[in-house]
$ cat coords_24.txt   # compact mmCIF, C-alpha atoms
# COMPACT_ATOMS: atom_id res chain seq x y z
CA MET A 1 -0.34 8.19 26.96
CA ALA A 2 -3.50 6.43 28.18
CA ALA A 3 -4.73 9.57 29.92
CA ASP A 4 -3.91 11.66 26.85
CA THR A 5 -5.90 9.27 24.68
CA GLY A 6 -8.84 9.75 27.01
CA ARG A 7 -8.57 13.52 26.58
CA ILE A 8 -8.38 13.31 22.78
CA ARG A 9 -11.41 11.03 22.84
CA GLU A 10 -13.36 13.66 24.76
CA LYS A 11 -12.23 16.35 22.35
CA ILE A 12 -13.39 14.29 19.36
CA ARG A 13 -16.79 13.91 21.04
CA GLU A 14 -17.11 17.64 21.82
CA VAL A 15 -16.07 18.85 18.37
CA SER A 16 -18.22 16.36 16.42
CA GLU A 17 -21.37 16.74 18.54
CA GLY A 18 -24.56 16.81 16.50
CA LYS A 19 -22.87 15.84 13.24
CA GLN A 20 -22.72 12.53 11.40
CA ILE A 21 -19.15 12.24 10.14
CA THR A 22 -17.75 9.44 7.98
CA ILE A 23 -13.98 9.24 7.76
CA MET A 24 -12.29 6.85 5.34
CA HIS A 25 -8.70 5.73 5.76
CA LEU A 26 -6.79 4.67 2.69
CA CYS A 27 -4.16 2.28 3.95
CA GLY A 28 -4.31 -1.33 5.15
CA THR A 29 -1.70 -0.57 7.76
CA HIS A 30 -4.07 2.05 9.22
CA GLU A 31 -6.78 -0.62 9.44
CA ASP A 32 -4.31 -2.80 11.31
CA THR A 33 -3.72 -0.04 13.87
CA VAL A 34 -7.46 0.71 14.14
CA SER A 35 -8.40 -2.95 14.68
CA LYS A 36 -5.43 -3.89 16.84
CA TYR A 37 -6.10 -1.09 19.33
CA ASN A 38 -9.87 -1.22 18.84
CA LEU A 39 -9.88 2.51 18.11
CA ARG A 40 -13.43 2.41 16.71
CA SER A 41 -14.68 1.69 20.21
CA MET A 42 -13.14 4.99 21.33
CA LEU A 43 -15.06 7.08 18.82
CA PRO A 44 -18.54 8.46 19.47
CA GLU A 45 -21.39 6.82 17.54
CA ASN A 46 -21.72 9.75 15.18
CA VAL A 47 -18.13 9.38 13.94
CA ARG A 48 -17.64 6.42 11.60
CA LEU A 49 -14.21 5.28 10.53
CA VAL A 50 -14.28 3.05 7.45
CA ALA A 51 -11.55 1.27 5.52
CA GLY A 52 -10.93 2.12 1.88
CA PRO A 53 -8.98 0.41 -0.91
CA GLY A 54 -5.54 0.70 0.72
CA CYS A 55 -4.45 -2.84 -0.09
CA PRO A 56 -2.51 -3.37 -3.35
CA VAL A 57 -2.96 -7.16 -3.28
CA CYS A 58 -6.73 -6.75 -2.80
CA ILE A 59 -7.43 -4.27 -5.59
CA ILE A 60 -5.61 -6.26 -8.29
CA PRO A 61 -8.32 -7.79 -10.49
CA ASP A 62 -8.31 -11.54 -11.10
CA THR A 63 -7.34 -10.92 -14.73
CA ASP A 64 -3.76 -10.04 -13.75
CA LEU A 65 -3.45 -13.12 -11.58
CA GLN A 66 -4.82 -15.33 -14.35
CA LYS A 67 -2.36 -13.85 -16.83
CA VAL A 68 0.55 -14.67 -14.54
CA PHE A 69 -0.81 -18.22 -14.10
CA HIS A 70 -1.10 -18.46 -17.89
CA LEU A 71 2.52 -17.35 -18.30
CA ILE A 72 3.99 -19.89 -15.90
CA GLU A 73 1.86 -22.67 -17.35
CA LYS A 74 3.20 -21.95 -20.83
CA ARG A 75 6.78 -20.90 -20.20
CA ASP A 76 9.51 -22.16 -17.91
CA VAL A 77 10.39 -18.95 -16.06
CA VAL A 78 11.38 -18.12 -12.50
CA LEU A 79 8.36 -16.25 -11.14
CA THR A 80 9.15 -13.95 -8.23
CA THR A 81 6.70 -11.93 -6.16
CA PHE A 82 5.80 -10.77 -2.65
CA GLY A 83 4.46 -13.37 -0.21
CA ASP A 84 0.88 -12.09 0.02
CA MET A 85 0.37 -12.22 -3.72
CA ALA A 86 1.52 -15.85 -3.88
CA ARG A 87 -1.39 -16.90 -1.65
CA VAL A 88 -4.26 -15.25 -3.55
CA PRO A 89 -6.52 -17.99 -4.88
CA PHE A 90 -8.24 -18.22 -8.22
CA GLN A 91 -10.20 -21.33 -9.15
CA ASN A 92 -8.58 -23.09 -6.19
CA ARG A 93 -5.10 -22.30 -7.48
CA SER A 94 -2.50 -19.86 -6.27
CA LEU A 95 1.15 -19.25 -7.08
CA PHE A 96 1.99 -21.54 -4.15
CA TYR A 97 -0.17 -24.22 -5.80
CA TYR A 98 1.96 -23.90 -8.92
CA ARG A 99 5.10 -24.16 -6.81
CA SER A 100 3.81 -27.40 -5.30
CA ARG A 101 3.35 -28.64 -8.89
CA GLY A 102 7.01 -28.03 -9.65
CA LYS A 103 6.91 -24.50 -11.07
CA ASP A 104 9.74 -22.21 -10.02
CA VAL A 105 7.86 -19.66 -7.89
CA ARG A 106 9.92 -17.72 -5.37
CA VAL A 107 8.82 -15.27 -2.72
CA VAL A 108 11.14 -12.30 -2.34
CA TYR A 109 11.40 -9.59 0.29
CA SER A 110 12.30 -6.96 -2.29
CA VAL A 111 12.55 -6.58 -6.06
CA PHE A 112 16.33 -6.35 -5.64
CA ASP A 113 16.35 -9.97 -4.47
CA ALA A 114 14.60 -10.89 -7.74
CA VAL A 115 17.29 -9.03 -9.72
CA GLU A 116 19.96 -10.97 -7.82
CA ILE A 117 18.22 -14.24 -8.77
CA ALA A 118 18.28 -13.12 -12.43
CA ARG A 119 22.02 -12.39 -12.21
CA LYS A 120 22.67 -15.94 -11.01
CA THR A 121 20.58 -17.83 -13.55
CA LYS A 122 20.32 -18.16 -17.33
CA LYS A 123 16.55 -18.60 -17.08
CA ASP A 124 14.14 -15.72 -17.54
CA VAL A 125 13.11 -14.18 -14.25
CA VAL A 126 9.74 -12.44 -14.05
CA PHE A 127 8.85 -10.21 -11.12
CA PHE A 128 5.07 -10.00 -10.57
CA GLY A 129 5.02 -6.43 -9.32
CA ILE A 130 2.25 -5.04 -7.18
CA GLY A 131 2.05 -1.94 -5.03
CA PHE A 132 1.30 1.76 -5.04
CA GLU A 133 3.61 4.78 -5.17
CA THR A 134 5.43 3.57 -2.04
CA THR A 135 6.69 0.47 -3.80
CA MET A 136 7.04 1.67 -7.39
CA PRO A 137 10.30 3.61 -6.90
CA SER A 138 12.06 0.39 -5.82
CA ILE A 139 10.80 -1.35 -8.97
CA ALA A 140 11.94 1.57 -11.13
CA VAL A 141 15.43 1.54 -9.57
CA ALA A 142 15.61 -2.24 -10.14
CA VAL A 143 14.46 -2.01 -13.79
CA LYS A 144 17.19 0.55 -14.54
CA ASP A 145 19.86 -1.70 -13.11
CA SER A 146 18.90 -5.22 -14.17
CA PRO A 147 20.24 -7.95 -16.48
CA GLU A 148 18.61 -8.88 -19.80
CA ASN A 149 16.79 -11.91 -18.42
CA PHE A 150 14.84 -9.82 -15.86
CA TYR A 151 11.25 -8.79 -16.59
CA VAL A 152 8.50 -7.02 -14.69
CA TYR A 153 4.83 -7.93 -14.96
CA SER A 154 3.45 -4.62 -13.77
CA ALA A 155 0.23 -4.84 -11.76
CA HIS A 156 1.14 -1.64 -9.92
CA ARG A 157 -1.40 1.13 -9.54
CA TYR A 158 -1.08 4.85 -8.99
CA PHE A 159 -3.10 5.49 -5.85
CA ILE A 160 -3.44 9.28 -5.94
CA PRO A 161 -5.73 9.42 -9.02
CA ALA A 162 -7.95 6.73 -7.45
CA ILE A 163 -8.97 9.14 -4.67
CA GLU A 164 -11.02 11.06 -7.23
CA ALA A 165 -12.96 7.88 -8.05
CA ILE A 166 -13.64 7.35 -4.34
CA ILE A 167 -14.82 10.95 -3.88
CA LYS A 168 -17.14 10.66 -6.88
CA GLY A 169 -18.42 7.23 -5.80
CA LYS A 170 -21.68 6.18 -4.18
CA MET A 171 -20.57 6.70 -0.64
CA LYS A 172 -20.39 10.15 0.92
CA ILE A 173 -17.06 10.58 2.68
CA ASP A 174 -16.63 13.64 4.90
CA ALA A 175 -12.88 13.32 5.47
CA PHE A 176 -9.91 11.14 4.56
CA ILE A 177 -6.95 9.76 6.44
CA ASN A 178 -4.32 9.64 3.72
CA PRO A 179 -1.82 6.79 3.41
CA GLY A 180 1.38 7.58 5.31
CA HIS A 181 3.99 5.90 3.15
CA VAL A 182 2.44 6.65 -0.23
CA SER A 183 2.63 10.24 1.02
CA THR A 184 6.32 9.84 1.93
CA ILE A 185 6.91 9.50 -1.82
CA VAL A 186 4.30 11.86 -3.34
CA GLY A 187 4.33 14.53 -0.60
CA VAL A 188 1.59 16.76 0.78
CA LYS A 189 1.44 18.61 -2.54
CA ALA A 190 -0.05 15.60 -4.39
CA TYR A 191 -3.37 16.03 -2.54
CA GLU A 192 -3.84 19.73 -3.12
CA ARG A 193 -5.77 19.14 -6.33
CA TYR A 194 -8.54 17.59 -4.21
CA ARG A 195 -9.15 20.70 -2.13
CA LYS A 196 -11.80 21.77 -4.65
CA TYR A 197 -14.05 18.95 -3.40
CA GLY A 198 -14.25 20.53 0.05
CA ILE A 199 -13.13 17.38 1.89
CA PRO A 200 -10.43 17.69 4.56
CA MET A 201 -7.57 15.17 4.54
CA THR A 202 -4.88 14.28 7.05
CA ILE A 203 -1.73 12.35 6.26
CA ALA A 204 -1.21 10.16 9.29
CA GLY A 205 1.36 7.85 10.81
CA PHE A 206 0.66 4.36 12.09
CA GLU A 207 0.77 4.51 15.86
CA PRO A 208 -2.64 4.56 17.60
CA GLN A 209 -1.88 8.12 18.76
CA ASP A 210 -1.27 9.15 15.14
CA VAL A 211 -4.66 7.81 14.07
CA MET A 212 -6.58 9.34 17.00
CA LEU A 213 -4.89 12.67 16.41
CA ALA A 214 -5.76 12.47 12.70
CA VAL A 215 -9.42 11.76 13.55
CA TYR A 216 -9.46 14.75 15.86
CA MET A 217 -7.89 17.03 13.24
CA LEU A 218 -10.48 15.86 10.71
CA VAL A 219 -13.62 16.19 12.84
CA ARG A 220 -12.46 19.67 13.80
CA ALA A 221 -11.82 20.54 10.13
CA VAL A 222 -15.30 19.25 9.20
CA ALA A 223 -16.86 21.29 12.03
CA GLU A 224 -15.00 24.40 10.95
CA ASN A 225 -15.58 23.74 7.24
CA ARG A 226 -11.88 23.78 6.44
CA ALA A 227 -11.04 21.59 3.44
CA GLU A 228 -7.31 21.52 4.00
CA VAL A 229 -4.61 18.91 3.58
CA PHE A 230 -3.08 18.38 7.01
CA ASN A 231 0.11 16.51 7.71
CA GLU A 232 0.22 14.71 11.03
CA TYR A 233 3.07 12.41 9.89
CA THR A 234 5.70 15.13 9.67
CA ARG A 235 8.42 12.74 10.79
CA ALA A 236 8.21 10.90 7.47
CA VAL A 237 6.33 13.13 5.01
CA LYS A 238 7.66 16.34 3.47
CA TYR A 239 5.62 18.87 1.50
CA GLU A 240 7.36 17.96 -1.77
CA GLY A 241 7.73 14.22 -0.93
CA ASN A 242 10.76 12.27 -2.15
CA VAL A 243 11.58 14.10 -5.38
CA MET A 244 14.28 11.63 -6.48
CA ALA A 245 11.81 8.77 -6.08
CA GLN A 246 9.17 10.65 -8.10
CA LYS A 247 11.72 11.29 -10.84
CA VAL A 248 12.82 7.66 -11.21
CA MET A 249 9.16 6.55 -11.22
CA ASP A 250 8.37 8.99 -14.05
CA GLU A 251 11.43 7.86 -16.01
CA VAL A 252 10.45 4.20 -15.97
CA PHE A 253 6.64 4.15 -15.80
CA SER A 254 3.79 5.74 -17.67
CA ALA A 255 0.16 6.04 -16.56
CA GLY A 256 -2.94 4.72 -18.29
CA SER A 257 -6.32 3.34 -17.31
CA GLY A 258 -6.13 0.70 -14.59
CA GLU A 259 -8.68 -1.86 -13.40
CA TRP A 260 -9.43 -2.09 -9.65
CA ARG A 261 -11.43 -4.79 -7.93
CA GLY A 262 -14.76 -3.30 -6.91
CA PHE A 263 -14.19 -0.06 -8.79
CA GLY A 264 -13.62 -1.14 -12.39
CA GLU A 265 -11.46 1.04 -14.63
CA ILE A 266 -9.96 4.16 -13.03
CA PRO A 267 -8.23 6.61 -15.38
CA GLY A 268 -4.60 7.45 -14.70
CA THR A 269 -4.00 4.58 -12.29
CA GLY A 270 -2.65 1.85 -14.59
CA VAL A 271 1.14 1.51 -14.61
CA SER A 272 3.17 0.26 -17.56
CA LEU A 273 6.83 0.45 -18.47
CA ARG A 274 7.79 3.26 -20.81
CA LYS A 275 8.97 2.50 -24.36
CA GLU A 276 12.62 2.91 -23.35
CA TYR A 277 12.22 0.02 -20.92
CA GLN A 278 9.92 -2.17 -23.01
CA ASP A 279 12.48 -4.96 -23.21
CA ARG A 280 12.03 -5.37 -19.42
CA ASP A 281 8.22 -5.52 -19.71
CA ALA A 282 6.93 -9.10 -19.34
CA GLU A 283 3.72 -8.27 -21.20
CA VAL A 284 5.74 -7.15 -24.22
CA ALA A 285 8.50 -9.78 -24.02
CA PHE A 286 6.01 -12.67 -23.73
CA GLU A 287 3.41 -11.13 -26.00
CA ASP A 288 3.10 -14.36 -28.02
CA ILE A 289 2.14 -16.27 -24.86
CA PHE A 290 -0.53 -13.77 -23.86
CA SER A 291 -2.02 -13.68 -27.38
CA ASP A 292 -4.34 -16.63 -26.66
CA PHE A 293 -5.17 -15.57 -23.08
CA GLN A 294 -8.87 -15.55 -22.17
CA PRO A 295 -9.98 -14.47 -18.69
CA THR A 296 -12.52 -16.71 -16.97
CA GLU A 297 -14.64 -16.52 -13.83
CA ASP A 298 -14.12 -18.21 -10.48
CA PRO A 299 -17.52 -19.53 -9.33
CA ARG A 300 -16.23 -19.71 -5.75
CA LYS A 301 -15.84 -15.93 -5.75
CA ARG A 302 -19.43 -15.13 -6.77
CA LYS A 303 -20.44 -14.44 -3.19
CA CYS A 304 -17.14 -12.77 -2.23
CA ARG A 305 -17.78 -9.11 -1.35
CA CYS A 306 -14.15 -7.99 -1.26
CA GLY A 307 -14.98 -5.29 -3.82
CA GLU A 308 -17.61 -3.73 -1.53
CA VAL A 309 -15.26 -3.99 1.46
CA LEU A 310 -12.63 -2.10 -0.54
CA LYS A 311 -15.15 0.67 -1.27
CA GLY A 312 -16.12 0.94 2.38
CA LEU A 313 -19.71 0.00 1.52
CA ILE A 314 -19.80 -2.95 3.92
CA ASN A 315 -17.80 -4.26 6.86
CA PRO A 316 -16.27 -7.75 6.56
CA ASP A 317 -18.86 -9.24 8.94
CA GLU A 318 -21.66 -8.22 6.55
CA CYS A 319 -20.34 -10.77 4.03
CA SER A 320 -21.97 -14.20 4.40
CA LEU A 321 -18.64 -15.92 3.70
CA TYR A 322 -16.72 -14.09 6.45
CA MET A 323 -15.33 -16.65 8.91
CA THR A 324 -17.64 -19.33 7.52
CA ALA A 325 -16.56 -20.35 4.01
CA CYS A 326 -13.79 -17.73 3.97
CA THR A 327 -11.10 -17.80 6.66
CA PRO A 328 -7.40 -16.85 6.78
CA ARG A 329 -6.53 -20.54 6.38
CA ASN A 330 -8.84 -21.01 3.44
CA PRO A 331 -9.48 -17.57 1.93
CA VAL A 332 -11.90 -16.97 -0.94
CA GLY A 333 -10.92 -13.43 -1.88
CA PRO A 334 -7.77 -11.35 -1.51
CA CYS A 335 -9.26 -9.20 1.31
CA MET A 336 -8.89 -12.34 3.46
CA VAL A 337 -5.35 -13.06 2.19
CA SER A 338 -3.27 -9.93 2.43
CA PHE A 339 -2.02 -8.65 5.77
CA GLU A 340 -3.44 -5.33 4.58
CA GLY A 341 -6.82 -6.78 3.65
CA THR A 342 -9.65 -5.61 5.93
CA CYS A 343 -11.15 -9.11 6.23
CA ALA A 344 -7.78 -10.68 7.16
CA ILE A 345 -7.14 -7.94 9.73
CA TRP A 346 -10.59 -8.31 11.32
CA ALA A 347 -10.09 -12.08 11.45
CA LYS A 348 -6.63 -11.67 12.99
CA TYR A 349 -7.94 -9.53 15.84
CA GLY A 350 -10.97 -11.74 16.39
CA ILE A 351 -13.68 -9.34 15.21
CA ARG A 352 -16.84 -11.36 14.56
CA MET B 353 2.37 -3.64 1.37
CA CYS B 354 3.10 -0.04 2.21
CA LEU B 355 4.68 -1.02 5.47
CA ALA B 356 7.89 0.90 6.16
CA VAL B 357 10.08 0.65 9.21
CA PRO B 358 12.71 3.01 10.60
CA ALA B 359 16.21 1.55 10.72
CA GLU B 360 19.66 2.85 11.58
CA ILE B 361 22.40 2.95 8.95
CA VAL B 362 25.51 1.14 10.17
CA GLU B 363 27.57 0.96 6.98
CA ILE B 364 27.45 2.60 3.53
CA ASP B 365 28.52 0.95 0.29
CA TRP B 366 26.85 3.27 -2.24
CA PRO B 367 24.24 2.71 -3.64
CA TYR B 368 23.76 0.15 -0.89
CA ALA B 369 23.86 0.40 2.87
CA THR B 370 23.61 -2.00 5.76
CA VAL B 371 20.93 -1.13 8.27
CA SER B 372 20.18 -2.41 11.70
CA LEU B 373 16.53 -3.23 12.29
CA GLY B 374 16.46 -3.70 16.03
CA GLY B 375 19.64 -5.74 15.81
CA ALA B 376 18.89 -7.61 12.56
CA ARG B 377 21.12 -6.46 9.69
CA ARG B 378 19.95 -5.98 6.15
CA ARG B 379 21.41 -4.68 2.93
CA ILE B 380 19.22 -2.03 1.34
CA ARG B 381 19.50 0.58 -1.43
CA VAL B 382 19.81 4.18 -0.37
CA ASP B 383 20.32 5.97 -3.69
CA LEU B 384 16.96 7.76 -3.67
CA LEU B 385 18.11 9.85 -0.73
CA ASP B 386 20.84 12.41 -0.75
CA ASP B 387 23.35 12.84 2.00
CA VAL B 388 23.01 9.59 3.92
CA ASN B 389 25.45 8.96 6.73
CA VAL B 390 26.22 6.22 9.21
CA GLY B 391 24.01 6.78 12.27
CA ASP B 392 21.12 8.27 10.25
CA TYR B 393 17.65 6.79 10.62
CA VAL B 394 15.85 5.91 7.39
CA LEU B 395 12.42 4.50 6.60
CA VAL B 396 12.88 1.18 4.81
CA HIS B 397 10.26 -0.22 2.47
CA VAL B 398 10.92 -3.52 0.61
CA GLY B 399 14.67 -3.05 0.52
CA LEU B 400 14.73 0.65 -0.35
CA ALA B 401 15.23 3.64 1.93
CA ILE B 402 12.36 5.98 1.03
CA GLN B 403 13.01 8.84 3.47
CA LYS B 404 15.32 9.99 6.20
CA VAL B 405 13.74 10.35 9.61
CA SER B 406 15.45 12.33 12.29
CA LYS B 407 15.02 11.59 15.94
CA LYS B 408 13.81 15.16 16.27
CA GLU B 409 10.97 14.46 13.87
CA VAL B 410 10.05 11.29 15.71
CA GLN B 411 9.54 13.56 18.70
CA GLU B 412 7.32 15.89 16.64
CA ILE B 413 4.19 13.86 17.30
CA GLU B 414 4.73 14.19 21.01
CA ARG B 415 4.93 17.96 20.59
CA LEU B 416 1.70 17.97 18.54
CA TRP B 417 -0.03 15.94 21.22
CA GLN B 418 1.15 18.34 23.85
CA GLN B 419 -0.12 21.28 21.82
CA ILE B 420 -3.60 19.75 21.44
CA LEU B 421 -3.79 18.89 25.10
CA GLU B 422 -2.88 22.39 26.15
CA GLU B 423 -5.50 24.05 23.92
$ encode --input "coords_24.txt" --output "structure tokens"
Amino acid sequence: MAADTGRIREKIREVSEGKQITIMHLCGTHEDTVSKYNLRSMLPENVRLVAGPGCPVCIIPDTDLQKVFHLIEKRDVVLTTFGDMARVPFQNRSLFYYRSRGKDVRVVYSVFDAVEIARKTKKDVVFFGIGFETTMPSIAVAVKDSPENFYVYSAHRYFIPAIEAIIKGKMKIDAFINPGHVSTIVGVKAYERYRKYGIPMTIAGFEPQDVMLAVYMLVRAVAENRAEVFNEYTRAVKYEGNVMAQKVMDEVFSAGSGEWRGFGEIPGTGVSLRKEYQDRDAEVAFEDIFSDFQPTEDPRKRKCRCGEVLKGLINPDECSLYMTACTPRNPVGPCMVSFEGTCAIWAKYGIR
Amino acid sequence: MCLAVPAEIVEIDWPYATVSLGGARRRIRVDLLDDVNVGDYVLVHVGLAIQKVSKKEVQEIERLWQQILEE
């Protein structure tokens, strides 16, 4: 494969010659592959590969985190969530901080583990749900088959509508590498509405060969002016996606405006439980507790540039906090917490 | 977050199945896929099988590579 990679590298150089091309990938796992194998060093100088907002933990605004803190301060519930989310700090507190203070915070591998916890206890169990279209079907399946003491605090976001906000943003992107496992659910067809913007896209897998092949397909498409949606990850992504997963998502969730760190409100990306499932919605069930909630600011985060990293405007090392005040052991913002956060990935692979 | 790993189905107990992840066994849900059988490979994401992957399709990338290299 090493020799093949050398050939593909040459081909990328030949096809892109004389053009400045910026490619954005949209998945933290792609950034992991890119950084782990140092793929940027294999691209010619005129081809830039930047990371986008493909990190669900990172794009969740502090308001959601504060609301969950507020809930567990006021009510004795079992709070379940994914491990990354439990480490995100706000005003020097995190869900792990609350656990150390005696609150019942449990990290689960899947939402189904949280449902099992609810079946075994009389206490109310709240699942702090994050994730894009990849994760949402599992939450929907769980909601439909859960006991009465199980609730979801939905901080999920639809990713597909957010691509429009990226295209219309400040930065000019010439091509996109689309997220592999979001695409497993939504299919190739979900991206066709973006063809009108004249920007080629490739759905790619997560091996270094997948990413290099995707870059080649994209620089060639840019050179030939072909704004198509390519699928390099055919082993996991079908044209129509996973239709059963789309159906259960639509049954349980409805879309509204959603706030993203760095981007602000993006229409069509917010995810709430439909009326039929309102009794499973933590924001409805604990409405009285949230009635006096007031978001505040974390002064420690004033210099955190996670929002700009998520938009691809800066690299982690352009932030003054990177590996000085903000490290994986003592992170300031979520980009340094999540294993899909660009700052955490750069730190992990020793990029300074 | 959107990490998904291929795993082999070793036992089915609808809507659940036991998969082998390189030897480690885990109970997952498989009811968003139709026609799942023991021996199939599925992509697992946070306890849910989100797609079937055939060995043939895993080989597809190698074919694509070959095609590019021969151009």
$ closest_atom_pairs --input "coords_24.txt" --of "chain A" --to "chain B" --cutoff "6 Å" --atoms "only C-alpha atoms" --output "tab-separated table"
residue	atom	partner	partner_atom	distance
A:Ser110	CA	B:Val398	CA	4.7
A:Arg235	CA	B:Glu409	CA	4.4
A:Ala236	CA	B:Val405	CA	6.0
A:Met244	CA	B:Leu384	CA	5.5
A:Ala245	CA	B:Leu384	CA	5.8
$ write_last_selection --input "coords_24.txt" --atoms "C-alpha atoms" --output "CSV table (one decimal), in the frame of the given file"
chain,number,residue,atom,x,y,z
A,110,SER,CA,12.3,-7.0,-2.3
A,235,ARG,CA,8.4,12.7,10.8
A,236,ALA,CA,8.2,10.9,7.5
A,244,MET,CA,14.3,11.6,-6.5
A,245,ALA,CA,11.8,8.8,-6.1
$ residues_around --input "coords_24.txt" --residues "Phe286 in chain A" --least-positions-apart "3" --cutoff "10 Å" --atoms "only C-alpha atoms" --output "ChimeraX atom specification"
/A:71,75,151,281-283,289-291
$ residues_around --input "coords_24.txt" --residues "Asp392 in chain B" --least-positions-apart "4" --cutoff "7 Å" --atoms "all atoms listed in the file" --output "MDAnalysis selection string"
chainID B and resid 360:361 388
$ residues_near_point --input "coords_24.txt" --point "(15.1, -2.8, -17.0)" --cutoff "10 Å" --atoms "only C-alpha atoms" --output "ChimeraX atom specification"
/A:115,139-152,252,273,276-281
$ closest_residue --input "coords_24.txt" --among "A:Gly169, A:Thr324, A:Gln294, A:His70" --to "Phe263 in chain A" --atoms "only C-alpha atoms"
A:Gly169
$ closest_residue --input "coords_24.txt" --among "A:Val229, A:Cys27, A:Val271, A:Ala214" --to "Pro56 in chain A" --atoms "all atoms listed in the file"
A:Cys27
$ residues_near_point --input "coords_24.txt" --point "(4.1, -5.4, -9.9)" --cutoff "10 Å" --atoms "all atoms listed in the file" --output "list of chain:residue names"
A:Pro56, A:Val57, A:Ile60, A:Asp64, A:Thr81, A:Phe82, A:Met85, A:Val111, A:Val126, A:Phe127, A:Phe128, A:Gly129, A:Ile130, A:Gly131, A:Phe132, A:Thr135, A:Met136, A:Ile139, A:Val152, A:Tyr153, A:Ser154, A:Ala155, A:His156, A:Arg157, A:Val271, A:Ser272
$ residues_around --input "coords_24.txt" --residues "range 193-204 of chain A" --least-positions-apart "6" --cutoff "7 Å" --atoms "all atoms listed in the file" --output "list in words"
Asp174, Ala175, Phe176, Ile177, Asn178, Pro179, Gly180, Asp210, Val211, Ala214, Leu218, Ala221, Val222, Arg226, Ala227, Glu228, Val229, Phe230, Asn231, Glu232 and Tyr233 of chain A
$ atom_distance --input "coords_24.txt" --atom1 "CA of Val237 in chain A" --atom2 "CA of Thr33 in chain A"
18.8 Å
$ residues_around --input "coords_24.txt" --residues "range 374-378 of chain B" --least-positions-apart "3" --cutoff "8 Å" --atoms "all atoms listed in the file" --output "PyMOL selection string"
chain B and resi 359+370-371
$ atom_distance --input "coords_24.txt" --atom1 "CA of Gly83 in chain A" --atom2 "CA of Phe96 in chain A"
9.4 Å
$ build_atoms --input "coords_24.txt" --residues "range 243-247 of chain A" --atoms "all heavy atoms" --output "compact mmCIF listing (two decimals), keeping the file's coordinate frame"
# COMPACT_ATOMS: atom_id res chain seq x y z
N VAL A 243 11.52 13.65 -3.99
CA VAL A 243 11.58 14.10 -5.38
C VAL A 243 12.39 13.13 -6.25
O VAL A 243 12.02 12.85 -7.39
CB VAL A 243 12.15 15.54 -5.45
CG1 VAL A 243 12.30 16.00 -6.90
CG2 VAL A 243 11.24 16.50 -4.69
N MET A 244 13.47 12.59 -5.71
CA MET A 244 14.28 11.63 -6.48
C MET A 244 13.47 10.38 -6.80
O MET A 244 13.58 9.81 -7.90
CB MET A 244 15.54 11.25 -5.69
CG MET A 244 16.61 12.33 -5.75
SD MET A 244 17.84 12.09 -4.46
CE MET A 244 18.99 11.02 -5.29
N ALA A 245 12.66 9.95 -5.85
CA ALA A 245 11.81 8.77 -6.08
C ALA A 245 10.75 9.06 -7.15
O ALA A 245 10.48 8.23 -8.02
CB ALA A 245 11.16 8.33 -4.78
N GLN A 246 10.17 10.27 -7.10
CA GLN A 246 9.17 10.65 -8.10
C GLN A 246 9.79 10.66 -9.49
O GLN A 246 9.20 10.23 -10.47
CB GLN A 246 8.60 12.04 -7.79
CG GLN A 246 7.79 12.10 -6.51
CD GLN A 246 7.62 13.53 -6.01
OE1 GLN A 246 7.79 14.50 -6.74
NE2 GLN A 246 7.29 13.67 -4.73
N LYS A 247 11.03 11.15 -9.55
CA LYS A 247 11.72 11.29 -10.84
C LYS A 247 12.00 9.91 -11.46
O LYS A 247 11.72 9.69 -12.64
CB LYS A 247 13.04 12.06 -10.62
CG LYS A 247 13.57 12.67 -11.87
CD LYS A 247 14.73 13.59 -11.57
CE LYS A 247 15.68 13.59 -12.75
NZ LYS A 247 16.95 12.94 -12.52
